[in-house]
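Let me begin by presenting the structure, written as structure tokens, before commenting on it.
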Amino acid sequence: MNIVLTGASSGIGFEAALEFTLNKENKVVCIARSADKLRKLLEIAKGINPDCTLLPVEFDIINDDYAALVPFLKEKLGNIDILINNAGALINKPFSETTAEDLACMFESNVLGHFNMIQNLLPLMGSGSHIVNIGSMGGFQGSVKFPGLSAYSASKAALHTLTECLAFELLETGVKVNCLALGSAQTEMLEQAF
């Protein structure tokens, strides 16, 4: 499988990358902003499975140039079987202190970056491929909400809705689109939230 995983430098993305590299048939492109953390990921992956194919790519899904990323992915993978949009950010502030800039930051990190990634990589995806967006129970309608996470939860709710719309729109192409609304997992982001 040819897998592209964003937000691979820590938490769920880091652990998922290691899990994918256990199968030597997988080619895993791990995207994150931190070159140091990507080097550490590669070192650990090679320690677990020296035959793994893990390609670390330092890239900011909001600000960097997709015109450079897409040809690289096409050259290294040809096509993409699975795109996992895991990158994200969290701001924990009471609503009364949350600024419009905070809200914009959450939507850039948790929605717009994934929108850009999907739109740019979709031409490399064919029937039977999968897009998985990593959401949050915080953005799931009817779930328990927590103080200080209004901007984060609103952005994850938008990601959930984008996923539903794309699943319907891409139905005839054979590209499947899903969103995992995760609850709490022991990560740096969870520590930041609580």
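By convention here, the chains of the structure tokens are called A, B, ... in the order presented, each chain's residues are numbered starting at 1, and ligands are numbered starting at 1 in the order presented.
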**OP:** Excluding Ala8 (chain A) and any residue of its chain fewer than 5 positions from it, enumerate the residues within 7 Å of it, using only C-alpha atoms, and give them as a PyMOL selection string.
**Re:** chain A and resi 13-14+17+30-32
Output file for the selection above: all heavy atoms, as a tab-separated table (two decimals), in the first residue's frame:
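Generated output (selection-v3.tsv):
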chain	number	residue	atom	x	y	z
A	13	GLY	N	-0.31	10.18	14.86
A	13	GLY	CA	0.38	10.07	13.57
A	13	GLY	C	1.69	9.33	13.67
A	13	GLY	O	2.02	8.49	12.83
A	14	PHE	N	2.46	9.60	14.71
A	14	PHE	CA	3.75	8.95	14.95
A	14	PHE	C	3.56	7.45	15.14
A	14	PHE	O	4.22	6.63	14.51
A	14	PHE	CB	4.40	9.58	16.20
A	14	PHE	CG	5.82	9.18	16.44
A	14	PHE	CD1	6.86	9.95	15.94
A	14	PHE	CD2	6.13	8.06	17.20
A	14	PHE	CE1	8.18	9.60	16.18
A	14	PHE	CE2	7.44	7.71	17.45
A	14	PHE	CZ	8.48	8.48	16.94
A	17	ALA	N	2.35	5.70	11.93
A	17	ALA	CA	3.46	5.52	10.99
A	17	ALA	C	4.27	4.28	11.35
A	17	ALA	O	4.60	3.47	10.48
A	17	ALA	CB	4.35	6.76	10.98
A	30	CYS	N	5.63	10.13	5.39
A	30	CYS	CA	5.27	10.77	6.66
A	30	CYS	C	5.55	12.27	6.56
A	30	CYS	O	6.69	12.68	6.38
A	30	CYS	CB	6.07	10.15	7.80
A	30	CYS	SG	5.63	8.44	8.08
A	31	ILE	N	4.49	13.04	6.69
A	31	ILE	CA	4.58	14.49	6.52
A	31	ILE	C	4.42	15.17	7.88
A	31	ILE	O	3.51	14.84	8.64
A	31	ILE	CB	3.49	14.98	5.54
A	31	ILE	CG1	3.75	14.40	4.15
A	31	ILE	CG2	3.43	16.50	5.50
A	31	ILE	CD1	2.67	14.71	3.14
A	32	ALA	N	5.32	16.11	8.15
A	32	ALA	CA	5.25	16.91	9.38
A	32	ALA	C	6.12	18.15	9.19
A	32	ALA	O	6.93	18.22	8.27
A	32	ALA	CB	5.71	16.10	10.58
**OP:** Please return as a VMD selection string: the residues of chain A that backbone DSSP assigns to helix (DSSP H, G or I).
**Re:** chain A and resid 11 to 20 35 to 48 66 to 77 95 to 97 100 to 124 137 to 139 150 to 169 171 to 173 188 to 193
Subject >> Members of chain A assigned strand (DSSP E or B) by DSSP, as a ChimeraX atom specification >> reply: /A:2-6,27-32,53-58,82-85,130-134,176-180
**OP:** Would you mind listing what lies within 9 Å of region 122-132 of chain A as a list in words, with only C-alpha atoms counted and same-chain residues fewer than 2 positions away left out?
**Re:** Val70, Leu73, Lys74, Gly78, Asn79, Ile80, Asp81, Ile82, Leu83, Ile84, Asn85, Asn86, Met117, Ile118, Gln119, Asn120, Ile134, Thr163, Glu172, Thr173, Gly174, Val175, Lys176, Val177, Asn178, Cys179 and Leu180 of chain A
Original post:
Which residues come within 12 Å of Glu43 (chain A), counting only C-alpha atoms, excluding same-chain residues fewer than 5 positions away, as a list in words?
Top reply: Leu18, Thr21, Asp36, Lys37, Leu38, Ile48, Asn49, Pro50, Cys52, Thr53, Leu54, Leu55 and Pro56 of chain A
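Proximity to Arg33 (chain A) at 8 Å, evaluated using only C-alpha atoms and with sequence-adjacent residues fewer than 4 positions away removed, yields Gly7, Ser9, Glu58, Phe59 and Asp60 of chain A.
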Can I get the selected residues back with N, CA, C and O atoms, as an mmCIF file, in the first residue's frame?
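Once written, selection_8.cif looks like this:
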data_model
loop_
_atom_site.group_PDB
_atom_site.id
_atom_site.type_symbol
_atom_site.label_atom_id
_atom_site.label_comp_id
_atom_site.auth_asym_id
_atom_site.auth_seq_id
_atom_site.Cartn_x
_atom_site.Cartn_y
_atom_site.Cartn_z
ATOM 1 N N GLY A 7 0.917 14.946 9.889
ATOM 2 C CA GLY A 7 0.979 15.028 11.346
ATOM 3 C C GLY A 7 1.690 13.820 11.946
ATOM 4 O O GLY A 7 1.295 13.309 12.984
ATOM 5 N N SER A 9 4.702 13.561 13.218
ATOM 6 C CA SER A 9 5.823 13.820 14.122
ATOM 7 C C SER A 9 5.536 13.510 15.580
ATOM 8 O O SER A 9 6.458 13.450 16.393
ATOM 9 N N GLU A 58 9.427 16.945 5.292
ATOM 10 C CA GLU A 58 9.175 18.166 6.070
ATOM 11 C C GLU A 58 8.305 19.082 5.210
ATOM 12 O O GLU A 58 8.718 19.522 4.132
ATOM 13 N N PHE A 59 7.079 19.323 5.687
ATOM 14 C CA PHE A 59 6.117 20.084 4.879
ATOM 15 C C PHE A 59 5.049 20.655 5.799
ATOM 16 O O PHE A 59 4.545 19.972 6.676
ATOM 17 N N ASP A 60 4.689 21.905 5.567
ATOM 18 C CA ASP A 60 3.619 22.569 6.306
ATOM 19 C C ASP A 60 2.370 22.550 5.416
ATOM 20 O O ASP A 60 2.359 23.174 4.352
#
**OP:** Just the residues within 10 Å of region 110-114 of chain A, please, counting only C-alpha atoms, with nothing from its chain fewer than 6 positions along; format it as a ChimeraX atom specification.
**Re:** /A:6,60-63,84-90,104,120,133-135,152-160,162
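With only C-alpha atoms as the basis for measurement, A:Val57 is the residue among A:Met137, A:Leu182, A:Val57, A:Thr161 that approaches Lys76 (chain A) most closely.
In terms of minimum interatomic distance to Leu69 (chain A), A:Asn116 ranks closest within A:Asn116, A:Thr99, A:Ser109, A:Asn92, counting only C-alpha atoms.
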Original post:
Which of these, A:Val4, A:Gly138, A:Thr98, A:Phe20, has the shortest distance to Leu77 (chain A) once you count only C-alpha atoms?
Top reply: A:Val4
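When CA of Ile44 (chain A) is paired with CA of Phe72 (chain A), their separation reads 23.6 Å.
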Subject >> Close residues, Met1 (chain A) itself excluded, 7 Å, only C-alpha atoms, min 2 positions apart in chain, as a PyMOL selection string >> reply: chain A and resi 3+25-27+81
